[in-house]
>>> print(open('structure25.pdb').read())   # PDB, C-alpha atoms
ATOM      1  CA  MET T   1     -14.434   9.776  -3.429
ATOM      2  CA  SER T   2     -12.552   9.527  -6.685
ATOM      3  CA  SER T   3     -10.622   6.552  -7.922
ATOM      4  CA  GLY T   4      -7.917   6.007 -10.461
ATOM      5  CA  GLU T   5      -5.124   3.885 -11.785
ATOM      6  CA  LEU T   6      -1.582   4.998 -11.187
ATOM      7  CA  GLY T   7       0.662   5.745 -14.103
ATOM      8  CA  THR T   8      -0.004   9.275 -15.409
ATOM      9  CA  GLY T   9      -1.475  12.487 -14.047
ATOM     10  CA  SER T  10      -1.973  13.298 -10.397
ATOM     11  CA  ALA T  11      -2.785  10.550  -7.923
ATOM     12  CA  ALA T  12      -6.379  11.726  -7.477
ATOM     13  CA  ASP T  13      -7.418  12.067 -11.137
ATOM     14  CA  ARG T  14      -6.265   8.917 -12.883
ATOM     15  CA  PRO T  15      -8.893   6.889 -14.746
ATOM     16  CA  ALA T  16      -9.742   3.421 -13.503
ATOM     17  CA  GLY T  17      -8.421   0.482 -15.487
ATOM     18  CA  ALA T  18      -9.686  -3.086 -15.374
ATOM     19  CA  ASP T  19      -6.253  -4.734 -15.063
ATOM     20  CA  SER T  20      -4.630  -2.322 -12.640
ATOM     21  CA  ALA T  21      -2.529  -3.822  -9.846
ATOM     22  CA  LEU T  22      -2.885  -0.590  -7.881
ATOM     23  CA  ARG T  23      -5.889   1.729  -7.599
ATOM     24  CA  THR T  24      -6.170   4.955  -5.667
ATOM     25  CA  VAL T  25      -9.173   6.383  -3.878
ATOM     26  CA  THR T  26      -9.298   9.714  -2.127
ATOM     27  CA  GLY T  27     -10.564   9.043   1.365
ATOM     28  CA  PRO T  28     -11.634  11.234   4.258
ATOM     29  CA  ASP T  29      -9.559  14.165   5.503
ATOM     30  CA  GLY T  30      -6.947  14.100   2.747
ATOM     31  CA  ALA T  31      -6.166  10.392   3.060
ATOM     32  CA  LEU T  32      -5.112   8.555  -0.076
ATOM     33  CA  ILE T  33      -6.091   4.891  -0.156
ATOM     34  CA  CYS T  34      -4.034   2.640  -2.441
ATOM     35  CA  ALA T  35      -5.700  -0.691  -3.068
ATOM     36  CA  LEU T  36      -3.279  -3.379  -4.216
ATOM     37  CA  THR T  37      -4.607  -6.432  -6.045
ATOM     38  CA  GLY T  38      -3.039  -9.673  -7.181
ATOM     39  CA  ASP T  39       0.294 -10.977  -5.948
ATOM     40  CA  LEU T  40       3.066  -8.881  -4.432
ATOM     41  CA  ASP T  41       6.084 -10.647  -5.843
ATOM     42  CA  LEU T  42       8.967 -10.140  -8.255
ATOM     43  CA  ASP T  43       6.643 -10.214 -11.275
ATOM     44  CA  SER T  44       4.456  -7.379  -9.964
ATOM     45  CA  MET T  45       7.218  -5.006  -8.837
ATOM     46  CA  VAL T  46       7.383  -3.153 -12.157
ATOM     47  CA  GLU T  47       3.663  -2.452 -11.982
ATOM     48  CA  VAL T  48       3.537  -1.113  -8.433
ATOM     49  CA  GLN T  49       6.934   0.168  -7.284
ATOM     50  CA  GLY T  50       7.079   3.346  -9.373
ATOM     51  CA  PRO T  51       3.428   4.257  -8.891
ATOM     52  CA  LEU T  52       3.718   3.830  -5.114
ATOM     53  CA  ARG T  53       6.690   6.188  -5.107
ATOM     54  CA  GLU T  54       4.577   8.689  -7.077
ATOM     55  CA  VAL T  55       1.897   8.462  -4.415
ATOM     56  CA  VAL T  56       4.388   9.207  -1.640
ATOM     57  CA  ALA T  57       5.796  12.102  -3.684
ATOM     58  CA  SER T  58       2.281  13.583  -3.957
ATOM     59  CA  ALA T  59       2.451  14.027  -0.146
ATOM     60  CA  PRO T  60      -1.035  12.981   0.949
ATOM     61  CA  ASP T  61      -2.057  13.730   4.535
ATOM     62  CA  LEU T  62      -2.224   9.962   5.088
ATOM     63  CA  LEU T  63      -1.324   6.988   2.902
ATOM     64  CA  CYS T  64      -3.413   3.883   3.532
ATOM     65  CA  VAL T  65      -2.410   0.738   1.668
ATOM     66  CA  ASP T  66      -5.413  -1.568   1.326
ATOM     67  CA  LEU T  67      -4.071  -5.136   1.175
ATOM     68  CA  SER T  68      -7.461  -6.881   0.993
ATOM     69  CA  GLY T  69      -6.992  -7.704  -2.706
ATOM     70  CA  VAL T  70      -3.504  -9.192  -2.326
ATOM     71  CA  GLY T  71      -3.528 -12.953  -2.760
ATOM     72  CA  PHE T  72       0.147 -13.684  -2.068
ATOM     73  CA  CYS T  73       3.180 -11.758  -0.819
ATOM     74  CA  ASP T  74       6.759 -13.023  -0.957
ATOM     75  CA  SER T  75       9.958 -11.435   0.330
ATOM     76  CA  THR T  76      10.088  -9.085  -2.662
ATOM     77  CA  GLY T  77       6.622  -7.773  -1.823
ATOM     78  CA  LEU T  78       7.550  -7.428   1.831
ATOM     79  CA  ASN T  79      10.678  -5.481   0.880
ATOM     80  CA  LEU T  80       8.532  -3.225  -1.315
ATOM     81  CA  LEU T  81       6.299  -2.414   1.676
ATOM     82  CA  LEU T  82       9.317  -1.859   3.931
ATOM     83  CA  GLN T  83      10.872   0.523   1.385
ATOM     84  CA  LEU T  84       7.522   2.290   1.023
ATOM     85  CA  ARG T  85       7.510   2.810   4.796
ATOM     86  CA  LEU T  86      10.980   4.363   4.664
ATOM     87  CA  ASP T  87      10.060   6.578   1.703
ATOM     88  CA  ALA T  88       6.864   7.718   3.436
ATOM     89  CA  GLU T  89       8.698   8.398   6.689
ATOM     90  CA  GLN T  90      11.338  10.434   4.878
ATOM     91  CA  ALA T  91       8.613  12.436   3.090
ATOM     92  CA  GLY T  92       6.691  13.017   6.313
ATOM     93  CA  VAL T  93       3.695  11.000   5.081
ATOM     94  CA  PRO T  94       1.976   8.818   7.688
ATOM     95  CA  LEU T  95       1.564   5.255   6.385
ATOM     96  CA  VAL T  96      -0.947   2.653   7.522
ATOM     97  CA  LEU T  97      -1.726  -0.819   6.196
ATOM     98  CA  ALA T  98      -5.225  -2.256   6.146
ATOM     99  CA  GLU T  99      -6.863  -5.659   5.757
ATOM    100  CA  PRO T 100      -3.898  -7.997   5.254
ATOM    101  CA  ASN T 101      -4.914 -11.575   4.519
ATOM    102  CA  PRO T 102      -3.848 -14.328   6.955
ATOM    103  CA  GLN T 103      -0.736 -15.165   4.896
ATOM    104  CA  MET T 104       0.446 -11.562   4.982
ATOM    105  CA  SER T 105      -0.306 -11.242   8.686
ATOM    106  CA  ARG T 106       1.758 -14.373   9.302
ATOM    107  CA  LEU T 107       4.585 -12.991   7.131
ATOM    108  CA  PHE T 108       4.585  -9.775   9.187
ATOM    109  CA  GLU T 109       4.648 -11.838  12.387
ATOM    110  CA  LEU T 110       7.440 -14.220  11.322
ATOM    111  CA  THR T 111       9.705 -11.487   9.973
ATOM    112  CA  GLY T 112       9.051  -8.951  12.716
ATOM    113  CA  ALA T 113       7.846  -6.474  10.085
ATOM    114  CA  GLY T 114       4.568  -6.105  11.955
ATOM    115  CA  ALA T 115       6.454  -4.116  14.581
ATOM    116  CA  VAL T 116       7.322  -1.344  12.105
ATOM    117  CA  PHE T 117       3.916  -1.031  10.437
ATOM    118  CA  ARG T 118       0.633   0.265  11.768
ATOM    119  CA  VAL T 119      -1.754  -2.487  10.607
ATOM    120  CA  PHE T 120      -5.538  -2.314  10.899
ATOM    121  CA  GLU T 121      -8.394  -4.738  10.242
ATOM    122  CA  SER T 122     -10.272  -2.332   7.954
ATOM    123  CA  VAL T 123      -9.573   0.640   5.714
ATOM    124  CA  GLU T 124     -12.070   2.715   7.689
ATOM    125  CA  GLU T 125     -10.278   1.931  10.962
ATOM    126  CA  ALA T 126      -6.886   2.686   9.385
ATOM    127  CA  CYS T 127      -8.007   6.049   8.019
ATOM    128  CA  ALA T 128      -9.624   7.018  11.324
ATOM    129  CA  ALA T 129      -6.474   6.123  13.269
ATOM    130  CA  GLY T 130      -4.132   7.818  10.807
TER     131      GLY T 130
END
>>> encode(input="structure25.pdb", output="structure tokens")
Amino acid sequence: MSSGELGTGSAADRPAGADSALRTVTGPDGALICALTGDLDLDSMVEVQGPLREVVASAPDLLCVDLSGVGFCDSTGLNLLLQLRLDAEQAGVPLVLAEPNPQMSRLFELTGAGAVFRVFESVEEACAAG
């Protein structure tokens, strides 16, 4: 598996950076795992929105968004994930979410967003189901 920070180069060959809000790892069978860290809110949109669009544009066989490192998600973060779903669908890229924390799971439940996402308890489970 290779990992990297989004920003320049292809999604699979970017160097890791200590302060990255988004890291990519090439998973099994052409899956691309994007691990988000920190808060998904208005302040983090600049850091993750463009790079996530780059990932979708790279057309992986499967895009798995690992949410285990996300501490907080507000409506801006939820809208980012919803737009990512639409972008992935339009590009023909299957999208799965993995390991949301209890706050995010509750947000998905309260807003009904859980009905439009495929959400799994682990990255391994998400990649296998993809």
>>> residues_near_point(input="structure25.pdb", point="(5.3, 15.7, 5.1)", cutoff="10 Å", atoms="all atoms listed in the file", output="list in words")
Val56, Ala57, Ser58, Ala59, Pro60, Asp61, Leu62, Ala88, Glu89, Gln90, Ala91, Gly92, Val93 and Pro94 of chain T
>>> write_last_selection(input="structure25.pdb", atoms="C-alpha atoms", output="compact mmCIF listing (two decimals), in the coordinates of the input")
# COMPACT_ATOMS: atom_id res chain seq x y z
CA VAL T 56 4.39 9.21 -1.64
CA ALA T 57 5.80 12.10 -3.68
CA SER T 58 2.28 13.58 -3.96
CA ALA T 59 2.45 14.03 -0.15
CA PRO T 60 -1.03 12.98 0.95
CA ASP T 61 -2.06 13.73 4.54
CA LEU T 62 -2.22 9.96 5.09
CA ALA T 88 6.86 7.72 3.44
CA GLU T 89 8.70 8.40 6.69
CA GLN T 90 11.34 10.43 4.88
CA ALA T 91 8.61 12.44 3.09
CA GLY T 92 6.69 13.02 6.31
CA VAL T 93 3.70 11.00 5.08
CA PRO T 94 1.98 8.82 7.69
>>> closest_residue(input="structure25.pdb", among="T:Thr111, T:Gln83, T:Gln103, T:Thr37", to="T:Gly50", atoms="only C-alpha atoms")
T:Gln83
>>> resolve_selection(input="structure25.pdb", expression="the PyMOL selection byres ((chain T and resi 129) around 12)", output="list in words")
Pro28, Asp29, Ala31, Leu62, Leu63, Cys64, Pro94, Leu95, Val96, Leu97, Ala98, Arg118, Val119, Phe120, Glu121, Ser122, Val123, Glu124, Glu125, Ala126, Cys127, Ala128 and Gly130 of chain T
>>> residues_near_point(input="structure25.pdb", point="(3.9, -6.6, -5.6)", cutoff="10 Å", atoms="all atoms listed in the file", output="number ranges by chain")
T: 21-22, 36-49, 70, 72-81
>>> atom_distance(input="structure25.pdb", atom1="atom CA of T:Leu86", atom2="atom CA of T:Val116")
10.1 Å
>>> atom_distance(input="structure25.pdb", atom1="atom CA of T:Pro102", atom2="atom CA of T:Gly114")
12.8 Å
>>> axis_aligned_box(input="structure25.pdb", around="stretch 66-70 of chain T", padding_each_side="8 Å", output="JSON")
{"center_x": -5.5, "center_y": -5.4, "center_z": -0.7, "size_x": 20.0, "size_y": 23.6, "size_z": 20.0}
>>> atom_distance(input="structure25.pdb", atom1="atom CA of T:Cys34", atom2="atom CA of T:Asp66")
5.8 Å
>>> closest_residue(input="structure25.pdb", among="T:Leu110, T:Ala115, T:Met104, T:Val55", to="T:Val25", atoms="all atoms listed in the file")
T:Val55
